[in-house]
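Encoded as structure tokens, the structure appears first; notes follow it.
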Amino acid sequence: MTRPGAIVTGGARGIGLACAEALADAGFDILVADLAEKPADGLADTIAAHGAEFAYASCDIADLPGHRKLVEAAMDAFGSIDCLVNNAGIGAVVRGDLLDLKPQNFDRALAINLRGTVFLSQAVAKAMLATPPVSARSIITITSVSAAMASPERADYCISKAGLSMWVKNLALRLAAENVGVFEVRPGIIRTDMTSGVSAKYDALIDAGLVPARRWGEAADIGAVVAALASGKFGFSTGSVIDVNGALSVPRL
Ligand code: NAI
């Protein structure tokens with residue numbers, strides 16, 4: 001039986017890698033798209049250990065002309081694209097007072113997190129619709145709790161994720177009748193390289209009760225949700241936002 005194929009952007013490490021592993025466990029073959037020219041040693045083995053075919057594409061999602069090559073690589077590898085996980089993203093280029101936010105840093109965050117993701121989703125959606133499905137289909141976008149909760153020291157990041165959130169809603173409407181599930185997954189504070197530089201700050205905040213679950217999120221917490229959404233079992237929930245944050249975003253007194 002033909003196995004479904006998934007693209008995971010930024011899948012070389014962190015949340016993306018956990019999504020790739022969880023999707024592989026769920027029966028998907030995996031194409032990791034990431035910045036490095038070649039996959040790091042061990043990445044192919046890590047994915048293969050979950051029983052999946054592994055493919056890799058070197059890709060900067062901010063480079064829109066490169067999207068065609070990425071889509072072709074996935075089609076060549078798997079014959080269809082059944083799941084796209086829009087995970088690649090960067091944090092604020094510089095954390096600091098928004099009164100000092102530099103236009104070039106704002107542009108960079110938006111170019112990768114928002115513009116790159118929007119147009120890659122568009123390219124993949126067209127490829128999906130041009131071929132018959134192998135399994136349930138989905139486009140799952142990793143935004144952030146920062147799509148809704150403000151952090152004035154990284155306003156560029158928050159704005160990029162808020163914009164992405166609205167993109168997901170629009171894409172869900174466009175693809176609902178095509179039977180492509182479109183979801184936004186909003187992680188809270190997750191232990192990865194992205195947060196390693198601010199881990200002491202978050203340790204203290206979590207200890208003080210910022211996260212009601214009293215722990216860091218792990219990349220695998222996100223992978224588990226993404227694999228469940230990609231299964232198609234939640235197809236009628238298309239357009240939904242799924243918070244994965246230990247109740248961090250629940251308003252409270
Ligand atoms: P990370 O920095 O550990 O990994 C990001 C991966 O994306 C890396 O492999 C990197 O090479 C790749 N990447 C970065 N820019 C790229 C580009 N232009 N094109 C292709 N690949 C690119 O980050 P982490 O923590 O795993 O984050 C993944 C996603 O989750 C991001 O979108 C981030 O905004 C989001 N997120 C992370 C949270 C956290 O606490 N770690 C919380 C909320 C959201």
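Here, A, B, ... name the chains of the structure tokens in the order displayed, residue numbers run from 1 inside each chain, and ligands are numbered from 1 in the same displayed order.
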Backbone DSSP call of strand (DSSP E) for range 25-180 of chain A, listed as number ranges by chain: A: 29-34, 54-58, 83-86, 137-142, 180
Residues within 7 Å of ligand 1, counting only C-alpha atoms and all ligand atoms, as a PyMOL selection string: chain A and resi 9-16+33-36+59-62+87-91+112-113+142-145+186-195
Write the residues of the selection above to a file with N, CA, C and O atoms, as a compact mmCIF listing (two decimals), in the first residue's frame.
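Done, and the output landed in out_26.txt:
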# COMPACT_ATOMS: atom_id res chain seq x y z
N THR A 9 8.81 21.48 7.61
CA THR A 9 9.83 22.53 7.48
C THR A 9 10.50 22.74 8.83
O THR A 9 9.88 22.60 9.88
N GLY A 10 11.80 23.05 8.78
CA GLY A 10 12.56 23.19 10.03
C GLY A 10 12.58 21.91 10.82
O GLY A 10 12.63 21.91 12.05
N GLY A 11 12.57 20.79 10.10
CA GLY A 11 12.46 19.48 10.77
C GLY A 11 13.77 18.89 11.25
O GLY A 11 13.79 17.76 11.73
N ALA A 12 14.86 19.65 11.12
CA ALA A 12 16.17 19.09 11.50
C ALA A 12 16.36 18.99 13.01
O ALA A 12 17.22 18.25 13.48
N ARG A 13 15.59 19.77 13.76
CA ARG A 13 15.76 19.73 15.23
C ARG A 13 14.49 20.24 15.90
O ARG A 13 13.55 20.68 15.23
N GLY A 14 14.50 20.20 17.21
CA GLY A 14 13.45 20.84 18.01
C GLY A 14 12.06 20.32 17.72
O GLY A 14 11.83 19.11 17.54
N ILE A 15 11.12 21.25 17.68
CA ILE A 15 9.71 20.89 17.49
C ILE A 15 9.51 20.21 16.14
O ILE A 15 8.75 19.23 16.03
N GLY A 16 10.18 20.68 15.11
CA GLY A 16 10.02 20.09 13.78
C GLY A 16 10.46 18.64 13.76
O GLY A 16 9.77 17.77 13.18
N ALA A 33 12.63 19.65 5.39
CA ALA A 33 13.15 20.82 4.65
C ALA A 33 13.79 21.75 5.68
O ALA A 33 13.13 22.18 6.61
N ASP A 34 15.07 22.00 5.49
CA ASP A 34 15.75 22.87 6.47
C ASP A 34 16.88 23.61 5.77
O ASP A 34 17.16 23.38 4.59
N LEU A 35 17.51 24.50 6.53
CA LEU A 35 18.47 25.44 5.93
C LEU A 35 19.77 24.78 5.46
O LEU A 35 20.34 25.19 4.45
N ALA A 36 20.25 23.79 6.21
CA ALA A 36 21.57 23.22 5.91
C ALA A 36 21.58 22.60 4.51
O ALA A 36 20.56 22.07 4.05
N CYS A 59 16.42 24.15 2.04
CA CYS A 59 15.44 25.16 1.65
C CYS A 59 15.37 26.26 2.70
O CYS A 59 15.29 25.97 3.89
N ASP A 60 15.41 27.50 2.23
CA ASP A 60 15.09 28.64 3.10
C ASP A 60 13.67 29.04 2.74
O ASP A 60 13.42 29.49 1.60
N ILE A 61 12.75 28.88 3.65
CA ILE A 61 11.34 29.12 3.27
C ILE A 61 11.07 30.58 2.88
O ILE A 61 10.06 30.87 2.25
N ALA A 62 12.00 31.47 3.28
CA ALA A 62 11.82 32.88 2.89
C ALA A 62 12.10 33.10 1.41
O ALA A 62 11.73 34.13 0.84
N ASN A 87 6.54 24.46 10.21
CA ASN A 87 7.16 24.62 11.54
C ASN A 87 8.32 25.60 11.53
O ASN A 87 8.58 26.25 12.54
N ALA A 88 9.03 25.71 10.39
CA ALA A 88 10.24 26.56 10.36
C ALA A 88 9.89 27.98 10.78
O ALA A 88 8.88 28.54 10.36
N GLY A 89 10.73 28.53 11.63
CA GLY A 89 10.50 29.90 12.07
C GLY A 89 11.65 30.36 12.92
O GLY A 89 12.47 29.56 13.37
N ILE A 90 11.71 31.66 13.11
CA ILE A 90 12.75 32.22 13.98
C ILE A 90 12.10 33.06 15.07
O ILE A 90 10.97 33.54 14.92
N GLY A 91 12.82 33.22 16.17
CA GLY A 91 12.37 34.13 17.22
C GLY A 91 12.69 35.56 16.81
O GLY A 91 13.16 35.82 15.69
N ILE A 112 10.33 35.33 7.03
CA ILE A 112 10.42 33.88 7.27
C ILE A 112 9.10 33.37 7.86
O ILE A 112 8.44 32.50 7.27
N ASN A 113 8.74 33.91 9.00
CA ASN A 113 7.62 33.31 9.75
C ASN A 113 6.28 33.45 9.03
O ASN A 113 5.46 32.53 9.07
N ILE A 142 2.53 25.69 12.81
CA ILE A 142 2.95 25.92 14.19
C ILE A 142 3.07 27.43 14.37
O ILE A 142 3.97 28.06 13.79
N THR A 143 2.17 28.00 15.13
CA THR A 143 2.30 29.45 15.42
C THR A 143 2.94 29.57 16.79
O THR A 143 4.05 29.12 17.00
N SER A 144 2.23 30.12 17.75
CA SER A 144 2.78 30.30 19.09
C SER A 144 1.69 30.91 19.95
O SER A 144 0.77 31.57 19.45
N VAL A 145 1.83 30.72 21.26
CA VAL A 145 0.98 31.45 22.20
C VAL A 145 1.10 32.95 21.93
O VAL A 145 0.18 33.73 22.18
N ARG A 186 -0.65 26.01 18.55
CA ARG A 186 -0.01 27.11 19.29
C ARG A 186 0.75 26.59 20.49
O ARG A 186 0.19 26.40 21.57
N PRO A 187 2.07 26.38 20.33
CA PRO A 187 2.85 25.95 21.50
C PRO A 187 3.02 27.09 22.50
O PRO A 187 3.01 28.26 22.14
N GLY A 188 3.22 26.68 23.76
CA GLY A 188 3.59 27.66 24.80
C GLY A 188 5.09 27.72 24.92
O GLY A 188 5.80 27.99 23.94
N ILE A 189 5.62 27.44 26.09
CA ILE A 189 7.07 27.53 26.32
C ILE A 189 7.64 26.12 26.21
O ILE A 189 7.37 25.25 27.05
N ILE A 190 8.40 25.90 25.14
CA ILE A 190 8.86 24.55 24.81
C ILE A 190 10.39 24.53 24.88
O ILE A 190 11.05 25.44 24.36
N ARG A 191 10.91 23.48 25.47
CA ARG A 191 12.37 23.37 25.64
C ARG A 191 13.02 22.96 24.31
O ARG A 191 12.94 21.81 23.89
N THR A 192 13.65 23.92 23.64
CA THR A 192 14.36 23.66 22.38
C THR A 192 15.55 24.61 22.30
O THR A 192 15.72 25.47 23.18
N ASP A 193 16.30 24.53 21.21
CA ASP A 193 17.40 25.48 21.01
C ASP A 193 16.88 26.93 20.99
O ASP A 193 17.58 27.84 21.42
N MET A 194 15.66 27.11 20.49
CA MET A 194 15.13 28.48 20.39
C MET A 194 15.01 29.15 21.76
O MET A 194 15.20 30.35 21.89
N THR A 195 14.70 28.34 22.77
CA THR A 195 14.48 28.92 24.11
C THR A 195 15.69 28.70 25.03
O THR A 195 15.64 29.10 26.20
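CA of Leu84 in chain A sits 9.6 Å away from CA of Leu31 in chain A.
Here CA of Ala219 in chain A stands at a distance of 21.8 Å from CA of Val93 in chain A.
The shortest atom-to-atom distance to Ala176 in chain A, with only C-alpha atoms taken into account, belongs to A:Gly239 out of A:Gly239, A:Ala136, A:Val198, A:Val226.
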Helix (DSSP H, G or I) call set, DSSP backbone run, range 33-123 of chain A, as a VMD selection string: chain A and resid 43 to 48 64 to 78 98 to 100 103 to 123
Within 12 Å of Ala49 in chain A using only C-alpha atoms, minus same-chain residues under 3 positions, as a ChimeraX atom specification: /A:20-22,24-25,29,42-46,52-54
Those selected residues, please, written with N, CA and C atoms and delivered as a PDB file, in the first residue's frame.
ATOM      1  N   ALA A  20       8.287  15.339  12.930  1.00  0.00           N
ATOM      2  CA  ALA A  20       8.684  14.359  11.913  1.00  0.00           C
ATOM      3  C   ALA A  20       8.683  12.945  12.505  1.00  0.00           C
ATOM      4  N   GLU A  21       9.189  12.805  13.707  1.00  0.00           N
ATOM      5  CA  GLU A  21       9.240  11.468  14.335  1.00  0.00           C
ATOM      6  C   GLU A  21       7.828  10.958  14.640  1.00  0.00           C
ATOM      7  N   ALA A  22       6.980  11.835  15.132  1.00  0.00           N
ATOM      8  CA  ALA A  22       5.609  11.406  15.464  1.00  0.00           C
ATOM      9  C   ALA A  22       4.836  11.045  14.193  1.00  0.00           C
ATOM     10  N   ALA A  24       6.207   9.956  11.425  1.00  0.00           N
ATOM     11  CA  ALA A  24       6.790   8.688  10.955  1.00  0.00           C
ATOM     12  C   ALA A  24       6.164   7.522  11.722  1.00  0.00           C
ATOM     13  N   ASP A  25       6.013   7.678  13.028  1.00  0.00           N
ATOM     14  CA  ASP A  25       5.352   6.640  13.838  1.00  0.00           C
ATOM     15  C   ASP A  25       3.918   6.390  13.361  1.00  0.00           C
ATOM     16  N   ASP A  29       5.760   8.840   5.356  1.00  0.00           N
ATOM     17  CA  ASP A  29       7.137   9.067   4.934  1.00  0.00           C
ATOM     18  C   ASP A  29       7.411  10.557   5.094  1.00  0.00           C
ATOM     19  N   GLY A  42      23.037  11.459  11.225  1.00  0.00           N
ATOM     20  CA  GLY A  42      22.117  10.843  12.178  1.00  0.00           C
ATOM     21  C   GLY A  42      20.650  11.158  11.923  1.00  0.00           C
ATOM     22  N   LEU A  43      20.370  12.239  11.169  1.00  0.00           N
ATOM     23  CA  LEU A  43      18.958  12.610  10.969  1.00  0.00           C
ATOM     24  C   LEU A  43      18.208  11.528  10.181  1.00  0.00           C
ATOM     25  N   ALA A  44      18.837  11.065   9.099  1.00  0.00           N
ATOM     26  CA  ALA A  44      18.178  10.027   8.293  1.00  0.00           C
ATOM     27  C   ALA A  44      17.919   8.781   9.137  1.00  0.00           C
ATOM     28  N   ASP A  45      18.902   8.395   9.964  1.00  0.00           N
ATOM     29  CA  ASP A  45      18.740   7.199  10.800  1.00  0.00           C
ATOM     30  C   ASP A  45      17.642   7.399  11.845  1.00  0.00           C
ATOM     31  N   THR A  46      17.586   8.611  12.383  1.00  0.00           N
ATOM     32  CA  THR A  46      16.557   8.897  13.393  1.00  0.00           C
ATOM     33  C   THR A  46      15.165   8.686  12.811  1.00  0.00           C
ATOM     34  N   ALA A  52      10.059   4.936   8.567  1.00  0.00           N
ATOM     35  CA  ALA A  52       9.637   5.795   7.454  1.00  0.00           C
ATOM     36  C   ALA A  52      10.744   5.951   6.431  1.00  0.00           C
ATOM     37  N   GLU A  53      10.339   6.207   5.190  1.00  0.00           N
ATOM     38  CA  GLU A  53      11.277   6.686   4.174  1.00  0.00           C
ATOM     39  C   GLU A  53      11.671   8.101   4.562  1.00  0.00           C
ATOM     40  N   PHE A  54      12.928   8.464   4.312  1.00  0.00           N
ATOM     41  CA  PHE A  54      13.400   9.803   4.649  1.00  0.00           C
ATOM     42  C   PHE A  54      13.902  10.505   3.399  1.00  0.00           C
TER      43      PHE A  54
END
9 Å contact set for Ala224 in chain A, only C-alpha atoms, chain neighbours under 6 positions out, as an MDAnalysis selection string: chainID A and resid 18:19 22:23
Write the residues you've just listed into a file as a compact mmCIF listing (two decimals), in the first residue's frame, and include N, CA and C atoms for each of them.
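What ended up in again_24.txt:
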# COMPACT_ATOMS: atom_id res chain seq x y z
N ALA A 18 10.55 16.60 16.29
CA ALA A 18 9.57 15.81 17.06
C ALA A 18 8.31 15.55 16.22
N CYS A 19 7.91 16.54 15.42
CA CYS A 19 6.75 16.34 14.54
C CYS A 19 7.08 15.26 13.50
N ALA A 22 6.98 11.84 15.13
CA ALA A 22 5.61 11.41 15.46
C ALA A 22 4.84 11.04 14.19
N LEU A 23 5.05 11.81 13.12
CA LEU A 23 4.37 11.49 11.85
C LEU A 23 4.91 10.18 11.28
Between CA of Gly246 in chain A and CA of Phe106 in chain A - distance in Å to one decimal: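 Between CA of Phe106 in chain A and CA of Gly246 in chain A the gap works out to 29.0 Å.
The smallest atom-to-atom distance between Leu129 in chain A and any of A:Thr141, A:Asn179, A:Asn105, A:Ser165, using only C-alpha atoms, is found for A:Asn179.
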Residues within 7 Å of range 68-71 of chain A, only C-alpha atoms, excluding chain neighbours under 4 positions, as a PyMOL selection string: chain A and resi 57+75+124
Given only C-alpha atoms as the counted atoms, nearest of A:Lys233, A:Arg214, A:Lys102, A:Arg252 to Arg154 in chain A: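 That would be A:Lys102, the residue with the smallest distance to Arg154 in chain A.
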Within 12 Å of range 207-210 of chain A using only C-alpha atoms, minus same-chain residues under 4 positions, as a count of residues only: 18
Residue nearest Gly197 in chain A - candidates A:Asp243, A:Arg95, A:Ala162, A:Met149, atoms counted: only C-alpha atoms: A:Arg95
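Between Ile242 in chain A and the residues A:Glu153, A:Asp41, A:Asp221, A:Asp76, the shortest atom-to-atom distance, using only C-alpha atoms, involves A:Asp221.
Counting only C-alpha atoms, Cys158 in chain A has the following residues at most 8 Å away, ignoring those fewer than 3 positions along the same chain: A:Ser146, A:Ala147, A:Ala148, A:Met149, A:Ala150, A:Ser151, A:Arg154, A:Ala155, A:Lys161, A:Ala162.
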